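Student: My structure is stored as start-v4.tsv, with TSV, C-alpha atoms and all ligand atoms.
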```
chain	number	residue	atom	x	y	z
S	21	MET	CA	8.55	-15.82	-16.80
S	22	LEU	CA	6.72	-13.56	-19.28
S	23	ARG	CA	4.91	-11.87	-16.41
S	24	ARG	CA	8.22	-11.13	-14.67
S	25	LEU	CA	9.64	-9.67	-17.88
S	26	TRP	CA	6.57	-7.50	-18.32
S	27	GLN	CA	6.74	-6.33	-14.70
S	28	ARG	CA	10.46	-5.55	-15.02
S	29	GLY	CA	9.75	-3.52	-18.19
S	30	MET	CA	7.01	-1.49	-16.52
S	31	ILE	CA	9.20	-0.78	-13.48
S	32	GLY	CA	11.88	0.45	-15.92
S	33	LEU	CA	9.33	2.70	-17.63
S	34	ALA	CA	8.16	4.01	-14.25
S	35	CYS	CA	11.72	5.22	-13.61
S	36	SER	CA	12.12	6.89	-17.04
S	37	PRO	CA	12.00	10.71	-16.79
S	38	ALA	CA	11.33	11.01	-20.56
S	39	ALA	CA	8.31	8.69	-20.51
S	40	ARG	CA	7.07	10.46	-17.39
S	41	ARG	CA	7.26	13.91	-19.02
S	42	LEU	CA	5.56	12.68	-22.18
S	43	MET	CA	2.65	10.92	-20.47
S	44	GLN	CA	2.02	13.41	-17.67
S	45	GLY	CA	1.75	16.21	-20.19
S	46	SER	CA	-0.74	14.38	-22.40
S	47	ARG	CA	-4.53	14.38	-22.33
S	48	ALA	CA	-4.54	10.58	-22.64
S	49	GLY	CA	-2.26	10.28	-19.64
S	50	ARG	CA	-4.41	12.51	-17.49
S	51	ALA	CA	-7.45	10.40	-18.40
S	52	LEU	CA	-5.58	7.28	-17.26
S	53	SER	CA	-4.54	8.89	-13.98
S	54	LYS	CA	-8.16	9.60	-13.01
S	55	ARG	CA	-8.78	5.90	-12.63
S	56	TYR	CA	-6.34	5.56	-9.74
S	57	ASN	CA	-6.17	9.04	-8.21
S	58	GLY	CA	-7.98	10.70	-5.34
S	59	GLY	CA	-7.24	14.24	-6.57
S	60	GLU	CA	-4.33	16.57	-7.22
S	61	THR	CA	-4.14	18.45	-3.91
S	62	ALA	CA	-4.24	17.47	-0.25
S	63	ALA	CA	-7.65	19.15	0.11
S	64	GLU	CA	-9.04	17.13	-2.82
S	65	ALA	CA	-7.57	13.94	-1.37
S	66	VAL	CA	-9.17	14.54	2.03
S	67	ALA	CA	-12.49	15.35	0.31
S	68	SER	CA	-12.20	12.06	-1.65
S	69	ALA	CA	-11.52	10.21	1.62
S	70	GLU	CA	-14.61	11.80	3.18
S	71	HIS	CA	-16.64	10.83	0.12
S	72	LEU	CA	-15.41	7.23	0.42
S	73	LEU	CA	-16.51	7.15	4.06
S	74	SER	CA	-20.01	8.14	2.97
S	75	GLN	CA	-19.91	4.93	0.88
S	76	GLY	CA	-18.75	2.86	3.84
S	77	LEU	CA	-15.08	2.76	2.75
S	78	ARG	CA	-11.96	4.05	4.50
S	79	ALA	CA	-8.87	5.48	2.84
S	80	SER	CA	-5.12	5.35	2.87
S	81	LEU	CA	-3.72	8.52	1.33
S	82	PHE	CA	-0.50	8.36	-0.66
S	83	TYR	CA	1.28	11.41	-2.07
S	84	LEU	CA	2.58	10.77	-5.59
S	85	GLY	CA	6.25	11.69	-5.38
S	86	GLU	CA	8.29	8.57	-6.11
S	87	TYR	CA	11.84	8.01	-7.39
S	88	VAL	CA	13.03	11.40	-6.10
S	89	ASN	CA	16.74	12.13	-6.32
S	90	THR	CA	17.24	15.59	-4.82
S	91	ARG	CA	16.91	17.08	-1.37
S	92	GLN	CA	14.57	19.69	-2.81
S	93	LEU	CA	12.11	17.06	-4.07
S	94	VAL	CA	12.31	15.15	-0.80
S	95	ASP	CA	11.48	18.35	1.12
S	96	LEU	CA	8.53	18.97	-1.18
S	97	ASN	CA	7.26	15.42	-0.57
S	98	VAL	CA	7.57	15.80	3.19
S	99	ARG	CA	5.69	19.11	3.11
S	100	GLU	CA	2.86	17.54	1.11
S	101	ILE	CA	2.67	14.41	3.26
S	102	THR	CA	2.72	16.24	6.60
S	103	GLY	CA	0.24	18.71	5.07
S	104	VAL	CA	-2.27	15.98	4.24
S	105	ALA	CA	-1.74	14.30	7.62
S	106	ALA	CA	-2.50	17.61	9.37
S	107	ALA	CA	-5.52	18.21	7.12
S	108	LEU	CA	-7.05	14.96	8.34
S	109	ALA	CA	-7.41	16.21	11.93
S	110	PRO	CA	-10.49	18.39	11.43
S	111	SER	CA	-12.01	16.17	8.72
S	112	ALA	CA	-14.53	13.38	9.08
S	113	ALA	CA	-12.37	10.98	7.05
S	114	ASP	CA	-11.01	7.77	8.50
S	115	ALA	CA	-7.65	7.63	6.78
S	116	HIS	CA	-4.18	6.21	7.04
S	117	VAL	CA	-1.28	7.96	5.35
S	118	SER	CA	0.99	5.66	3.34
S	119	VAL	CA	4.65	6.53	2.94
S	120	ASP	CA	7.53	5.05	0.90
S	121	PRO	CA	10.91	5.40	2.69
S	122	THR	CA	12.58	6.55	-0.56
S	123	GLN	CA	9.94	9.21	-1.02
S	124	ILE	CA	10.93	10.90	2.23
S	125	GLY	CA	14.65	10.75	1.70
S	126	HIS	CA	16.06	7.24	1.98
S	127	GLY	CA	17.59	7.32	-1.52
S	128	VAL	CA	19.12	10.79	-1.10
S	129	ASP	CA	20.46	10.59	2.46
S	130	ALA	CA	19.31	7.74	4.70
S	131	ASN	CA	19.69	10.02	7.75
S	132	LEU	CA	16.72	12.04	6.51
S	133	THR	CA	14.25	9.18	6.65
S	134	TRP	CA	13.78	8.97	10.41
S	135	PRO	CA	13.07	12.63	11.23
S	136	HIS	CA	10.82	12.89	8.19
S	137	ALA	CA	8.86	9.75	9.04
S	138	ARG	CA	8.61	10.88	12.66
S	139	ALA	CA	7.18	14.25	11.56
S	140	VAL	CA	4.41	12.53	9.56
S	141	ALA	CA	3.61	10.08	12.37
S	142	GLU	CA	3.47	12.92	14.92
S	143	CYS	CA	0.86	14.75	12.81
S	144	LEU	CA	-1.23	11.58	12.79
S	145	ALA	CA	-0.72	11.05	16.53
S	146	ALA	CA	-2.17	14.55	17.08
S	147	ILE	CA	-5.50	13.63	15.44
S	148	PRO	CA	-8.14	13.47	18.18
S	149	ALA	CA	-9.17	9.89	18.91
S	150	ARG	CA	-12.62	8.91	17.67
S	151	PRO	CA	-14.25	5.51	18.18
S	152	GLY	CA	-13.61	3.22	15.24
S	153	ARG	CA	-11.12	5.58	13.61
S	154	LEU	CA	-7.53	4.54	13.15
S	155	SER	CA	-4.95	7.09	11.97
S	156	LEU	CA	-1.83	5.12	11.12
S	157	MET	CA	1.22	6.00	9.10
S	158	MET	CA	1.50	2.89	6.94
S	159	ILE	CA	5.04	2.30	5.77
S	160	ASP	CA	5.04	0.82	2.27
S	161	MET	CA	7.66	-1.81	1.43
S	162	GLU	CA	9.89	-1.20	-1.56
S	163	ASP	CA	12.57	-3.45	-3.07
S	164	HIS	CA	14.35	-6.24	-1.26
S	165	GLY	CA	17.42	-4.16	-0.34
S	166	LEU	CA	15.25	-1.81	1.72
S	167	VAL	CA	13.51	-4.37	3.91
S	168	ASP	CA	15.89	-4.19	6.90
S	169	PRO	CA	15.99	-0.36	7.16
S	170	THR	CA	12.22	-0.20	6.64
S	171	ILE	CA	11.52	-2.66	9.45
S	172	ALA	CA	14.00	-0.83	11.71
S	173	LEU	CA	12.20	2.45	10.95
S	174	HIS	CA	8.82	0.95	11.79
S	175	ASP	CA	10.01	-0.73	14.99
S	176	GLY	CA	11.85	2.39	16.17
S	177	LEU	CA	8.90	4.74	15.67
S	178	ARG	CA	6.55	2.24	17.23
S	179	ALA	CA	8.82	2.00	20.27
S	180	GLU	CA	8.44	5.79	20.56
S	181	GLY	CA	4.67	5.25	20.84
S	182	LEU	CA	3.86	6.62	17.39
S	183	PRO	CA	0.96	5.22	15.33
S	184	VAL	CA	2.73	3.25	12.60
S	185	GLY	CA	2.06	0.13	10.56
S	186	LEU	CA	4.32	-1.99	8.36
S	187	THR	CA	3.82	-3.58	4.94
S	188	VAL	CA	5.24	-7.07	4.34
S	189	GLN	CA	5.51	-8.89	1.01
S	190	ALA	CA	4.55	-12.55	0.44
S	191	TYR	CA	6.99	-12.91	-2.46
S	192	LEU	CA	9.96	-12.72	-0.07
S	193	ARG	CA	11.12	-15.87	1.70
S	194	ARG	CA	12.18	-13.92	4.82
S	195	THR	CA	8.68	-12.52	5.42
S	196	GLU	CA	7.44	-15.47	7.48
S	197	GLU	CA	10.09	-14.74	10.10
S	198	ASP	CA	9.63	-10.96	9.93
S	199	LEU	CA	5.88	-11.37	10.30
S	200	ALA	CA	6.14	-13.77	13.26
S	201	ARG	CA	8.12	-11.10	15.11
S	202	GLN	CA	5.56	-8.38	14.31
S	203	ILE	CA	2.71	-10.62	15.46
S	204	ARG	CA	4.38	-11.29	18.80
S	205	ALA	CA	4.87	-7.51	19.18
S	206	GLY	CA	1.15	-6.83	18.47
S	207	ALA	CA	1.90	-4.52	15.53
S	208	ALA	CA	-0.35	-3.44	12.63
S	209	VAL	CA	0.78	-5.16	9.44
S	210	ARG	CA	-0.44	-4.95	5.84
S	211	LEU	CA	0.16	-8.12	3.81
S	212	VAL	CA	0.72	-7.72	0.05
S	213	LYS	CA	2.08	-10.10	-2.60
S	214	GLY	CA	4.83	-7.67	-3.65
S	215	ALA	CA	5.18	-5.40	-6.69
S	216	PHE	CA	8.95	-5.95	-7.04
S	217	ILE	CA	11.18	-8.68	-8.42
S	218	ALA	CA	14.09	-10.45	-6.71
S	219	GLY	CA	16.18	-13.59	-7.29
S	220	PRO	CA	15.10	-17.13	-6.34
S	221	ASP	CA	17.53	-17.16	-3.42
S	222	VAL	CA	15.46	-14.55	-1.58
S	223	SER	CA	12.05	-14.71	-3.24
S	224	PHE	CA	9.34	-16.97	-4.57
S	225	THR	CA	9.27	-16.45	-8.31
S	226	THR	CA	6.08	-18.12	-9.52
S	227	GLN	CA	2.55	-16.84	-8.97
S	228	SER	CA	1.49	-20.17	-7.44
S	229	ALA	CA	4.34	-20.12	-4.90
S	230	ILE	CA	3.65	-16.47	-4.01
S	231	LYS	CA	-0.05	-17.24	-3.53
S	232	ALA	CA	0.72	-20.28	-1.37
S	233	ASN	CA	2.96	-18.16	0.84
S	234	TYR	CA	0.32	-15.40	0.98
S	235	ARG	CA	-2.18	-17.99	2.31
S	236	LYS	CA	0.28	-19.22	4.91
S	237	LEU	CA	1.06	-15.68	6.12
S	238	MET	CA	-2.62	-14.72	6.15
S	239	ALA	CA	-3.35	-17.72	8.40
S	240	MET	CA	-0.62	-16.52	10.79
S	241	MET	CA	-2.10	-13.01	10.81
S	242	LEU	CA	-5.64	-14.19	11.52
S	243	SER	CA	-4.72	-16.87	14.06
S	244	ALA	CA	-6.11	-16.93	17.59
S	245	GLU	CA	-2.57	-16.27	18.89
S	246	ALA	CA	-2.27	-13.09	16.80
S	247	ARG	CA	-5.58	-11.84	18.15
S	248	GLN	CA	-4.45	-12.48	21.72
S	249	ALA	CA	-1.25	-10.53	21.05
S	250	GLY	CA	-3.33	-7.47	20.01
S	251	PHE	CA	-2.07	-7.72	16.42
S	252	TYR	CA	-3.94	-5.73	13.72
S	253	PRO	CA	-4.09	-7.60	10.35
S	254	ILE	CA	-4.54	-5.71	7.09
S	255	ILE	CA	-5.21	-8.06	4.18
S	256	ALA	CA	-4.30	-6.16	1.00
S	257	THR	CA	-5.30	-8.08	-2.11
S	258	HIS	CA	-7.82	-7.84	-4.95
S	259	ASP	CA	-8.14	-11.61	-5.04
S	260	ASP	CA	-11.72	-12.22	-3.90
S	261	ARG	CA	-11.10	-15.91	-3.17
S	262	MET	CA	-8.26	-14.98	-0.86
S	263	GLN	CA	-10.55	-12.41	0.81
S	264	ASP	CA	-13.21	-15.09	1.36
S	265	GLU	CA	-10.60	-17.32	2.94
S	266	ALA	CA	-9.57	-14.45	5.23
S	267	VAL	CA	-13.17	-13.91	6.34
S	268	ALA	CA	-13.53	-17.64	7.06
S	269	LEU	CA	-10.32	-17.63	9.13
S	270	ALA	CA	-11.46	-14.54	11.01
S	271	ARG	CA	-14.80	-16.16	11.86
S	272	LYS	CA	-13.13	-19.39	12.97
S	273	ASN	CA	-10.77	-17.55	15.31
S	274	VAL	CA	-13.48	-15.15	16.58
S	275	TRP	CA	-12.01	-11.92	15.22
S	276	GLN	CA	-14.57	-9.12	15.26
S	277	PRO	CA	-14.96	-7.15	11.98
S	278	HIS	CA	-13.33	-4.01	13.46
S	279	GLU	CA	-10.27	-5.96	14.62
S	280	TYR	CA	-8.84	-6.47	11.12
S	281	GLU	CA	-9.34	-4.93	7.70
S	282	PHE	CA	-9.03	-5.36	3.97
S	283	GLU	CA	-7.26	-2.92	1.73
S	284	MET	CA	-7.44	-2.48	-2.04
S	285	LEU	CA	-6.30	0.09	-4.58
S	286	LYS	CA	-8.67	2.74	-5.85
S	287	GLY	CA	-9.55	1.96	-9.45
S	288	VAL	CA	-9.05	-1.79	-9.12
S	289	ARG	CA	-12.05	-4.12	-8.70
S	290	GLY	CA	-14.27	-1.48	-7.08
S	291	ASP	CA	-17.20	-3.91	-7.26
S	292	VAL	CA	-15.31	-6.39	-5.07
S	293	ALA	CA	-14.52	-3.68	-2.50
S	294	ALA	CA	-18.16	-2.55	-2.37
S	295	ARG	CA	-19.42	-6.14	-1.91
S	296	LEU	CA	-16.95	-6.80	0.88
S	297	ALA	CA	-17.97	-3.62	2.71
S	298	ALA	CA	-21.65	-4.49	2.26
S	299	ARG	CA	-20.95	-7.78	4.08
S	300	GLY	CA	-19.90	-5.74	7.13
S	301	GLU	CA	-16.15	-6.02	6.59
S	302	ARG	CA	-13.86	-3.03	7.17
S	303	VAL	CA	-12.46	-2.01	3.76
S	304	ARG	CA	-9.89	0.68	2.99
S	305	LEU	CA	-8.89	2.01	-0.43
S	306	TYR	CA	-5.36	3.17	-1.21
S	307	LEU	CA	-5.87	6.65	-2.57
S	308	PRO	CA	-2.94	8.32	-4.30
S	309	PHE	CA	-3.04	12.08	-4.85
S	310	GLY	CA	-0.81	14.63	-6.57
S	311	VAL	CA	0.22	15.28	-10.15
S	312	ASP	CA	3.22	12.97	-10.51
S	313	TRP	CA	1.11	9.90	-11.20
S	314	PHE	CA	3.06	8.18	-14.01
S	315	PRO	CA	5.41	5.88	-11.97
S	316	TYR	CA	2.47	4.73	-9.84
S	317	ALA	CA	0.28	3.94	-12.85
S	318	MET	CA	3.12	2.02	-14.53
S	319	ARG	CA	3.57	-0.16	-11.45
S	320	ARG	CA	-0.15	-0.95	-11.49
S	321	ILE	CA	0.07	-1.85	-15.18
S	322	GLY	CA	3.13	-3.98	-14.39
S	323	GLU	CA	1.08	-5.92	-11.83
S	324	ASN	CA	-1.66	-6.61	-14.28
S	325	PRO	CA	-0.87	-6.82	-18.01
S	326	ARG	CA	-4.58	-6.42	-18.76
S	327	ASN	CA	-4.27	-2.81	-17.59
S	328	ALA	CA	-2.15	-2.12	-20.68
S	329	MET	CA	-5.48	-2.09	-22.55
S	330	LEU	CA	-6.58	0.82	-20.39
S	331	LEU	CA	-3.44	2.68	-21.32
S	332	ALA	CA	-3.98	1.94	-25.01
S	333	ARG	CA	-7.65	2.97	-24.82
S	334	SER	CA	-6.85	6.22	-23.03
S	335	MET	CA	-4.33	7.05	-25.75
S	336	VAL	CA	-6.72	6.62	-28.65
S	337	SER	CA	-9.88	8.08	-27.09
S	401	LIG	C1	-3.43	-1.43	-0.39
S	401	LIG	C2	-2.26	-1.97	-1.12
S	401	LIG	C3	-0.98	-1.57	-0.76
S	401	LIG	C4	0.12	-2.08	-1.44
S	401	LIG	N1	1.38	-1.74	-1.02
S	401	LIG	C5	2.44	-2.36	-1.56
S	401	LIG	C6	3.75	-2.17	-1.04
S	401	LIG	O1	3.97	-1.42	-0.09
S	401	LIG	N2	4.78	-2.84	-1.63
S	401	LIG	C7	4.58	-3.72	-2.68
S	401	LIG	O2	5.55	-4.32	-3.15
S	401	LIG	N3	3.35	-3.90	-3.20
S	401	LIG	C8	2.28	-3.26	-2.68
S	401	LIG	N4	1.03	-3.49	-3.21
S	401	LIG	C9	0.87	-4.23	-4.47
S	401	LIG	C10	0.79	-5.74	-4.25
S	401	LIG	O3	2.07	-6.20	-3.87
S	401	LIG	C11	0.35	-6.52	-5.51
S	401	LIG	O4	1.26	-6.28	-6.54
S	401	LIG	C12	-1.03	-6.17	-6.01
S	401	LIG	O5	-1.92	-5.95	-4.98
S	401	LIG	C13	-1.57	-7.31	-6.92
S	401	LIG	O6	-1.77	-8.48	-6.18
S	401	LIG	P1	-3.25	-8.93	-5.73
S	401	LIG	O7	-3.11	-9.94	-4.67
S	401	LIG	O8	-4.02	-7.73	-5.36
S	401	LIG	O9	-3.92	-9.47	-7.02
S	401	LIG	P2	-3.62	-10.65	-8.04
S	401	LIG	O10	-3.55	-12.00	-7.42
S	401	LIG	O11	-2.48	-10.23	-8.89
S	401	LIG	O12	-4.97	-10.58	-8.81
S	401	LIG	C14	-6.26	-10.83	-8.20
S	401	LIG	C15	-7.32	-10.22	-9.07
S	401	LIG	O13	-7.23	-8.79	-9.01
S	401	LIG	C16	-6.99	-8.25	-10.29
S	401	LIG	N5	-5.94	-7.23	-10.16
S	401	LIG	C17	-4.86	-7.29	-9.36
S	401	LIG	N6	-4.10	-6.16	-9.48
S	401	LIG	C18	-4.72	-5.40	-10.39
S	401	LIG	C19	-4.44	-4.15	-10.95
S	401	LIG	N7	-3.37	-3.43	-10.62
S	401	LIG	N8	-5.32	-3.67	-11.87
S	401	LIG	C20	-6.42	-4.36	-12.23
S	401	LIG	N9	-6.74	-5.56	-11.73
S	401	LIG	C21	-5.90	-6.09	-10.83
S	401	LIG	C22	-6.48	-9.42	-11.15
S	401	LIG	O14	-6.81	-9.29	-12.51
S	401	LIG	C23	-7.19	-10.60	-10.54
S	401	LIG	O15	-8.48	-10.72	-11.09
S	401	LIG	C24	-0.07	-3.00	-2.53
S	401	LIG	C25	-1.36	-3.40	-2.87
S	401	LIG	C26	-2.44	-2.92	-2.18
S	401	LIG	C27	-3.81	-3.42	-2.54
```
Please go through the file and, once you have read it, give me the structure as structure tokens.
Tutor:
Amino acid sequence: MLRRLWQRGMIGLACSPAARRLMQGSRAGRALSKRYNGGETAAEAVASAEHLLSQGLRASLFYLGEYVNTRQLVDLNVREITGVAAALAPSAADAHVSVDPTQIGHGVDANLTWPHARAVAECLAAIPARPGRLSLMMIDMEDHGLVDPTIALHDGLRAEGLPVGLTVQAYLRRTEEDLARQIRAGAAVRLVKGAFIAGPDVSFTTQSAIKANYRKLMAMMLSAEARQAGFYPIIATHDDRMQDEAVALARKNVWQPHEYEFEMLKGVRGDVAARLAARGERVRLYLPFGVDWFPYAMRRIGENPRNAMLLARSMVS
């Protein structure tokens, strides 16, 4: 209950233009942003992704431009996102590009989302194939009301032969059914717990119920049937016990380490990511870039109240 209240408060703060202006202009705020960010520009982000690869880690680049409410800001986001996707072609990095539907227009005019998403995916499709490198446009999942249009977007672009992946959230009751369909279709799916809040009619509302559902969905993703269908599982959690369970499932069902992957956020449990990679697992870090970092950082703090200490420390140091 308290956790949900905290999370709701941080999501509210993430949407506040006044708090955003105050923090993004401050020295303390900039110090906080460094923890999570891969740089301010597309070139810095690609360089960070290349650096990660030298440490045995892959990347998923995410342009920081959330909660946009004008066509002008949407256009700017699309320019930056297609720019970074194009910049990946000549680089050595092995990177996905993550995209929020609202970031590329869904909240301003839903008709914009498809052509914008298609433009990003086409840039990634143009990257020359290299063994072991996967250039997907990963579609992030936002609040419950956006699930249907987000799945339709993913399925439509995939039907066009574009390299796309979908994020699904264990906190939603509907996900089991959504996931079963994606497994049968042999899609690439990233499983997360969910950074949003919804009512008990559509969601699990306790941490234990969300974790139990995460386990159930993970078992579906790493089943022998999913492997036969050509499905690509992406297990996105910082919970090392859950990761161990995923590895055990993968071994039992004879998945090879390059046939699935783990994904974590930059700045969160880097030691766990390094250990997992050292065990031969494929590990990707979500790497935001840009200057508009405040909403993203607030969502991370909402997920983990202990991160509020980081915020407090960065403000007094
Ligand atoms: C790659 C990636 C992509 C994501 N994309 C989406 C998306 O599209 N839509 C969506 O709703 N959510 C997304 N999320 C967020 C996700 O839904 C969870 O809110 C978040 O990952 C926390 O759950 P967990 O399973 O990682 O960790 P928990 O079970 O919450 O915690 C496990 C351990 O990790 C630590 N930990 C977890 N989170 C943090 C943090 N932020 N800072 C410090 N320590 C932490 C905890 O203290 C604990 O020790 C994404 C997460 C990742 C890793």
Student: To one decimal place, how far is CA of Gly181 in chain S from CA of Ala207 in chain S in Å?
Tutor: 11.5 Å
Student: Would you mind reading off the distance between atom O4 of ligand LIG 401 (chain S) and CA of Asp175 in chain S, one decimal, in Å?
Tutor: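 Separating atom O4 of ligand LIG 401 (chain S) from CA of Asp175 in chain S is a distance of 23.9 Å.
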Student: Considering only C-alpha atoms and all ligand atoms, give me a table of residues in chain S that are at most 7 Å from ligand LIG 401 (chain S), with the closest atom pair and distance in Å for each, as a Markdown table.
Tutor:
```
| residue | atom | partner | partner_atom | distance |
| --- | --- | --- | --- | --- |
| S:Asp160 | CA | S:LIG401 | O1 | 3.4 |
| S:Met161 | CA | S:LIG401 | O1 | 4.0 |
| S:Glu162 | CA | S:LIG401 | N2 | 5.4 |
| S:Thr187 | CA | S:LIG401 | O1 | 5.5 |
| S:Gln189 | CA | S:LIG401 | O2 | 6.2 |
| S:Val212 | CA | S:LIG401 | O3 | 4.4 |
| S:Lys213 | CA | S:LIG401 | O3 | 4.1 |
| S:Gly214 | CA | S:LIG401 | O3 | 3.1 |
| S:Ala215 | CA | S:LIG401 | O2 | 3.7 |
| S:Phe216 | CA | S:LIG401 | O2 | 5.4 |
| S:Ala256 | CA | S:LIG401 | C27 | 4.5 |
| S:Thr257 | CA | S:LIG401 | O8 | 3.5 |
| S:His258 | CA | S:LIG401 | O8 | 3.8 |
| S:Asp259 | CA | S:LIG401 | C14 | 3.8 |
| S:Glu283 | CA | S:LIG401 | C1 | 4.6 |
| S:Met284 | CA | S:LIG401 | C27 | 3.8 |
| S:Leu285 | CA | S:LIG401 | C27 | 4.8 |
| S:Val288 | CA | S:LIG401 | C20 | 4.8 |
| S:Arg289 | CA | S:LIG401 | N9 | 6.3 |
| S:Leu305 | CA | S:LIG401 | C1 | 6.5 |
| S:Tyr306 | CA | S:LIG401 | C1 | 5.1 |
| S:Arg320 | CA | S:LIG401 | N7 | 4.2 |
| S:Ile321 | CA | S:LIG401 | N7 | 5.9 |
| S:Glu323 | CA | S:LIG401 | N7 | 5.2 |
| S:Asn324 | CA | S:LIG401 | C19 | 5.0 |
| S:Asn327 | CA | S:LIG401 | N8 | 5.9 |
```
Student: Hey, what's within 8 Å of Arg40 in chain S if we count all atoms listed in the file and toss same-chain stuff fewer than 4 positions away? As JSON, numbers by chain, please?
Tutor: {"S": [34, 35, 36, 44, 314, 315]}
Student: Could the residues of range 274-304 of chain S that have an atom at most 10 Å from range 238-252 of chain S be listed as JSON lines, each with its closest atom pair and the distance in Å to one decimal, counting all atoms listed in the file and ordered by chain and ascending residue number?
Tutor:
```
{"residue": "S:Val274", "atom": "CA", "partner": "S:Ala244", "partner_atom": "CA", "distance": 7.6}
{"residue": "S:Trp275", "atom": "CA", "partner": "S:Arg247", "partner_atom": "CA", "distance": 7.1}
{"residue": "S:Gln276", "atom": "CA", "partner": "S:Arg247", "partner_atom": "CA", "distance": 9.8}
{"residue": "S:His278", "atom": "CA", "partner": "S:Tyr252", "partner_atom": "CA", "distance": 9.5}
{"residue": "S:Glu279", "atom": "CA", "partner": "S:Tyr252", "partner_atom": "CA", "distance": 6.4}
{"residue": "S:Tyr280", "atom": "CA", "partner": "S:Tyr252", "partner_atom": "CA", "distance": 5.6}
{"residue": "S:Glu281", "atom": "CA", "partner": "S:Tyr252", "partner_atom": "CA", "distance": 8.1}
```
Student: Find the residues around Ser223 in chain S up to 7 Å (all atoms listed in the file counted), leave out those fewer than 6 positions away in its own chain, and share them as a list of chain:residue names.
Tutor: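 With the cut-off at 7 Å, the set is S:Tyr191, S:Leu192, S:Arg193.
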Student: Which one of S:Gly310, S:Arg235, S:Arg261, S:Thr122 sits closest to Asp163 in chain S if you count all atoms listed in the file?
Tutor: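 Under the stated criterion, the closest residue is S:Thr122.
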Student: Reconstruct range 302-306 of chain S at the level of all heavy atoms, and format the result as a compact mmCIF listing (two decimals), in the frame of the given file.
Tutor:
```txt
# COMPACT_ATOMS: atom_id res chain seq x y z
N ARG S 302 -14.50 -4.34 7.22
CA ARG S 302 -13.86 -3.03 7.17
C ARG S 302 -12.94 -3.00 5.93
O ARG S 302 -12.03 -3.82 5.82
CB ARG S 302 -13.06 -2.83 8.45
CG ARG S 302 -12.40 -1.49 8.54
CD ARG S 302 -11.67 -1.33 9.86
NE ARG S 302 -12.55 -0.93 10.93
CZ ARG S 302 -12.13 -0.32 12.05
NH1 ARG S 302 -10.85 -0.08 12.23
NH2 ARG S 302 -12.97 0.04 12.98
N VAL S 303 -13.21 -2.06 5.03
CA VAL S 303 -12.46 -2.01 3.76
C VAL S 303 -11.87 -0.62 3.57
O VAL S 303 -12.55 0.39 3.74
CB VAL S 303 -13.36 -2.35 2.55
CG1 VAL S 303 -12.54 -2.36 1.25
CG2 VAL S 303 -14.06 -3.69 2.74
N ARG S 304 -10.60 -0.58 3.22
CA ARG S 304 -9.89 0.68 2.99
C ARG S 304 -9.38 0.72 1.55
O ARG S 304 -8.95 -0.30 1.02
CB ARG S 304 -8.71 0.72 3.98
CG ARG S 304 -8.01 2.05 4.11
CD ARG S 304 -6.96 1.98 5.22
NE ARG S 304 -7.50 1.70 6.54
CZ ARG S 304 -8.04 2.62 7.34
NH1 ARG S 304 -8.09 3.89 6.97
NH2 ARG S 304 -8.52 2.28 8.53
N LEU S 305 -9.46 1.88 0.93
CA LEU S 305 -8.89 2.01 -0.43
C LEU S 305 -7.64 2.87 -0.39
O LEU S 305 -7.61 3.92 0.26
CB LEU S 305 -9.90 2.66 -1.39
CG LEU S 305 -11.17 1.90 -1.72
CD1 LEU S 305 -11.86 2.55 -2.93
CD2 LEU S 305 -10.90 0.43 -2.01
N TYR S 306 -6.62 2.44 -1.08
CA TYR S 306 -5.36 3.17 -1.21
C TYR S 306 -5.61 4.27 -2.23
O TYR S 306 -5.99 4.00 -3.38
CB TYR S 306 -4.32 2.17 -1.72
CG TYR S 306 -2.88 2.59 -1.65
CD1 TYR S 306 -2.13 2.40 -0.49
CD2 TYR S 306 -2.24 3.11 -2.76
CE1 TYR S 306 -0.79 2.72 -0.45
CE2 TYR S 306 -0.89 3.44 -2.72
CZ TYR S 306 -0.17 3.24 -1.56
OH TYR S 306 1.17 3.56 -1.52
```
